[in-house]
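**Q** I'm passing along start01.cif; it holds mmCIF, C-alpha atoms and all ligand atoms.
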data_data
loop_
_atom_site.label_atom_id
_atom_site.label_comp_id
_atom_site.auth_asym_id
_atom_site.auth_seq_id
_atom_site.Cartn_x
_atom_site.Cartn_y
_atom_site.Cartn_z
CA MET I 1 56.18 -8.45 -16.40
CA HIS I 2 56.49 -9.26 -12.74
CA LEU I 3 53.54 -9.91 -10.41
CA HIS I 4 53.95 -9.38 -6.73
CA ARG I 5 53.24 -12.49 -4.65
CA TYR I 6 50.19 -10.92 -2.94
CA GLU I 7 48.82 -9.90 -6.33
CA LYS I 8 48.95 -13.52 -7.48
CA ILE I 9 47.21 -14.69 -4.31
CA TRP I 10 44.41 -12.14 -4.66
CA LEU I 11 44.07 -12.81 -8.38
CA ALA I 12 43.68 -16.52 -7.67
CA PHE I 13 41.17 -15.77 -4.89
CA GLY I 14 39.15 -13.51 -7.22
CA ILE I 15 39.02 -16.04 -10.06
CA GLY I 16 38.24 -18.84 -7.60
CA SER I 17 35.33 -16.86 -6.08
CA LEU I 18 33.93 -16.17 -9.54
CA LEU I 19 34.01 -19.88 -10.44
CA VAL I 20 32.29 -20.83 -7.16
CA PHE I 21 29.63 -18.16 -7.77
CA LEU I 22 28.97 -19.35 -11.34
CA ALA I 23 28.79 -22.97 -10.18
CA VAL I 24 26.23 -22.13 -7.45
CA LEU I 25 24.19 -20.06 -9.91
CA GLY I 26 24.34 -22.74 -12.59
CA VAL I 27 23.19 -25.54 -10.29
CA SER I 28 20.51 -23.63 -8.37
CA ALA I 29 18.97 -21.72 -11.29
CA PHE I 30 19.30 -24.16 -14.18
CA ALA I 31 20.06 -27.72 -13.12
CA TYR I 32 16.98 -27.94 -10.85
CA GLY I 33 14.70 -26.19 -13.36
CA GLN I 34 11.90 -23.74 -12.66
CA GLN I 35 9.11 -24.93 -10.39
CA PRO I 36 6.24 -23.15 -8.64
CA PRO I 37 6.65 -22.83 -4.87
CA SER I 38 4.13 -25.59 -4.18
CA HIS I 39 1.55 -27.85 -5.80
CA MET I 40 3.28 -30.16 -8.22
CA ALA I 41 0.14 -31.03 -10.19
CA THR I 42 0.75 -30.44 -13.88
CA VAL I 43 -1.45 -30.10 -16.94
CA ASP I 44 -0.76 -29.70 -20.66
CA PRO I 45 -1.51 -26.03 -21.48
CA GLN I 46 -2.00 -26.89 -25.19
CA ASN I 47 -4.65 -29.47 -24.41
CA LEU I 48 -6.86 -27.96 -21.68
CA SER I 49 -10.08 -28.60 -23.61
CA ASN I 50 -9.48 -32.36 -23.39
CA GLU I 51 -8.13 -32.61 -19.88
CA ALA I 52 -10.28 -32.77 -16.73
CA PRO I 53 -10.98 -30.66 -14.79
CA PHE I 54 -10.07 -27.81 -17.13
CA ASN I 55 -12.23 -29.13 -19.96
CA GLU I 56 -15.17 -27.90 -17.86
CA PRO I 57 -14.16 -24.72 -16.06
CA GLY I 58 -16.66 -23.38 -13.54
CA LEU I 59 -18.02 -23.88 -10.06
CA ARG I 60 -18.78 -27.28 -8.53
CA GLN I 61 -20.29 -27.86 -5.10
CA ILE I 62 -18.31 -30.34 -2.97
CA ASN I 63 -20.41 -30.29 0.22
CA ASP I 64 -22.78 -27.93 2.13
CA THR I 65 -20.25 -25.14 2.44
CA THR I 66 -17.40 -26.00 0.08
CA TYR I 67 -17.05 -25.29 -3.60
CA GLN I 68 -14.39 -26.08 -6.16
CA ALA I 69 -13.75 -23.28 -8.67
CA THR I 70 -11.90 -24.42 -11.78
CA ILE I 71 -10.63 -21.42 -13.67
CA ILE I 72 -8.54 -20.88 -16.80
CA ALA I 73 -6.51 -17.69 -17.02
CA MET I 74 -5.62 -16.42 -20.48
CA ALA I 75 -4.66 -13.19 -22.18
CA PHE I 76 -6.72 -11.22 -21.15
CA ALA I 77 -9.55 -12.91 -19.27
CA TYR I 78 -10.57 -15.58 -16.79
CA VAL I 79 -12.92 -18.39 -17.77
CA PRO I 80 -15.49 -18.24 -16.28
CA ASN I 81 -15.47 -14.50 -15.61
CA LYS I 82 -18.08 -14.66 -12.85
CA ILE I 83 -18.98 -17.10 -10.09
CA GLU I 84 -21.55 -16.85 -7.33
CA VAL I 85 -21.46 -18.49 -3.87
CA PRO I 86 -23.47 -18.11 -0.63
CA VAL I 87 -21.95 -16.20 2.33
CA GLY I 88 -19.79 -18.47 4.48
CA SER I 89 -18.68 -20.65 1.58
CA THR I 90 -15.18 -21.99 1.33
CA VAL I 91 -13.97 -21.89 -2.25
CA ARG I 92 -11.07 -24.01 -3.42
CA PHE I 93 -9.59 -22.34 -6.45
CA GLN I 94 -7.65 -24.38 -8.96
CA VAL I 95 -6.31 -22.22 -11.73
CA THR I 96 -4.11 -22.76 -14.74
CA SER I 97 -3.05 -20.66 -17.69
CA SER I 98 -3.47 -21.54 -21.35
CA ASP I 99 -0.73 -19.15 -22.46
CA VAL I 100 1.60 -16.99 -20.35
CA VAL I 101 2.13 -16.29 -16.65
CA HIS I 102 -0.79 -14.46 -15.00
CA SER I 103 -1.84 -14.05 -11.41
CA PHE I 104 -5.01 -14.70 -9.44
CA THR I 105 -5.37 -11.95 -6.88
CA ILE I 106 -8.40 -11.11 -4.74
CA PRO I 107 -7.68 -7.75 -3.07
CA GLY I 108 -8.55 -7.69 0.63
CA THR I 109 -7.96 -11.45 1.04
CA ASN I 110 -4.81 -13.51 1.24
CA VAL I 111 -5.53 -15.10 -2.15
CA ASN I 112 -2.70 -13.89 -4.38
CA PHE I 113 -0.75 -16.39 -6.43
CA MET I 114 0.95 -16.73 -9.77
CA VAL I 115 -0.82 -18.71 -12.47
CA THR I 116 1.76 -20.57 -14.52
CA PRO I 117 0.98 -22.52 -17.70
CA GLY I 118 1.57 -26.24 -17.23
CA HIS I 119 0.81 -26.17 -13.51
CA VAL I 120 -2.35 -26.38 -11.42
CA ASN I 121 -2.11 -23.44 -9.02
CA MET I 122 -4.34 -23.64 -5.95
CA ALA I 123 -5.63 -21.62 -3.02
CA GLU I 124 -8.60 -21.74 -0.68
CA HIS I 125 -10.64 -18.94 0.84
CA THR I 126 -13.73 -18.70 3.06
CA PHE I 127 -15.95 -15.76 2.16
CA THR I 128 -17.48 -14.57 5.43
CA GLU I 129 -18.67 -11.18 4.16
CA PRO I 130 -21.23 -10.66 1.38
CA GLY I 131 -20.22 -8.52 -1.55
CA THR I 132 -18.74 -8.42 -5.00
CA TYR I 133 -15.12 -9.50 -4.96
CA LEU I 134 -12.89 -8.52 -7.82
CA VAL I 135 -10.21 -10.90 -9.07
CA LEU I 136 -7.29 -9.17 -10.73
CA CYS I 137 -4.21 -10.16 -12.69
CA ASN I 138 -1.09 -8.90 -10.97
CA GLU I 139 1.51 -10.19 -13.43
CA TYR I 140 2.07 -8.09 -16.50
CA CYS I 141 0.90 -10.33 -19.36
CA GLY I 142 0.57 -8.05 -22.39
CA THR I 143 -1.29 -5.05 -23.77
CA GLY I 144 -4.64 -6.07 -22.23
CA HIS I 145 -3.21 -6.86 -18.80
CA HIS I 146 -5.14 -4.09 -17.03
CA TYR I 147 -8.48 -5.35 -18.41
CA MET I 148 -7.96 -8.84 -17.05
CA GLN I 149 -10.41 -9.48 -14.23
CA MET I 150 -13.37 -11.53 -13.00
CA THR I 151 -15.86 -11.21 -10.16
CA ILE I 152 -16.97 -13.41 -7.28
CA GLU I 153 -20.47 -12.65 -6.09
CA VAL I 154 -20.96 -13.59 -2.42
CA LYS I 155 -24.66 -13.43 -1.37
CU1 LIG Q 201 -2.96 -11.60 -17.04
CU2 LIG Q 201 -1.80 -9.60 -16.44
#
Give the structure from the file, written as C-alpha cells.
**A**
Amino acid sequence: MHLHRYEKIWLAFGIGSLLVFLAVLGVSAFAYGQQPPSHMATVDPQNLSNEAPFNEPGLRQINDTTYQATIIAMAFAYVPNKIEVPVGSTVRFQVTSSDVVHSFTIPGTNVNFMVTPGHVNMAEHTFTEPGTYLVLCNEYCGTGHHYMQMTIEVK
C-alpha cells in the first residue's frame, strides 16, 4: 500500500491533535480533581453529628442584624426545615450534604448554589421584604427530589 505524502502529513496532524486533546482533558479534568468553585472549607460527610457546626444545625444570631444558618441537606430534606428571621436580617448560610449533591436555591434571590458532600457551601442574603421564602433543591437527587424544600419566614 502506498500513502501519498499529504495523507501522511494529515494523518500525523490528526493523531497529534488527538493526543494533545486527551492530554489537556486528562490534566484539567482528572489531575486537578473536582473542587467547588469557591469556599475550600471541608467537612466529613460521614461524621456530621460529631463535627461543629453541623452537629447543631439551626439558626444562630451573630449580631443585631446578622444570623448564621447552619443547614444539612439530605435526600430528601433540609435540616432544619424552617427558620425565622426579622425583616432586614442578613443571613449567612452554610450548607453541607450528608449524602449526594443537592442545591440550595431561594427563588427570587441570587442565592442558588450546589451543595456538595464534603464541602461547606456558603452564601449570604439580606431579606428586605417580609414573607415566606421557599428553599428548593435544584439538583436532581433521587425519587424524592421534588419534595425537597424548606421555608424561611421573614417577619
Ligand atoms: Cu436534593 Cu434534589
**Q** Around ligand LIG 201 (chain Q), at most 8 Å away and counting all atoms listed in the file, which residues are there? Put them as number ranges by chain, please.
**A** I: 73-77, 100-103, 136-142, 144-146, 148
**Q** Go through I:Val87, I:Pro117, I:Gly14, I:Val20 one by one, measure the shortest atom-to-atom distance of each to Leu48 of chain I using only C-alpha atoms, and give the residue with the smallest value.
**A**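 Looking at the shortest contact to Leu48 of chain I, the residue is I:Pro117.
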**Q** For Arg60 of chain I, work out the shell of residues within 7 Å, counting only C-alpha atoms and skipping chain neighbours fewer than 5 positions away, then give it as a list in words.
**A**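 Once the adjacent positions are removed, what remains is Tyr67, Gln68 and Ala69 of chain I.
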**Q** Fewer than 4 positions away in the same chain doesn't count, so skip those; otherwise give me all residues within 10 Å of segment 109-116 of chain I, counting only C-alpha atoms, as a ChimeraX atom specification.
**A** /I:35-37,42,45,72-74,93-105,120-127,133,135-139
**Q** Could you tell me how far atom CA of Phe54 of chain I sits from atom CA of Tyr78 of chain I, in Å to one decimal place?
**A** 12.2 Å
**Q** Find the smallest box with edges along x, y and z containing every listed atom of segment 82-100 of chain I, then add 8 Å on each side and report centre and edge lengths in Å to one decimal, as JSON.
**A**
{"center_x": -10.9, "center_y": -19.5, "center_z": -9.0, "size_x": 41.1, "size_y": 25.7, "size_z": 42.9}
**Q** Just the number, please: distance in Å from atom CA of Ile9 of chain I to atom CA of Leu22 of chain I, one decimal.
**A**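 Computed distance, atom CA of Ile9 of chain I to atom CA of Leu22 of chain I, equals 20.1 Å.
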**Q** Any idea what the distance is between atom CA of Arg92 of chain I and atom CA of Gly58 of chain I?
**A**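 Separating atom CA of Arg92 of chain I from atom CA of Gly58 of chain I is a distance of 11.6 Å.
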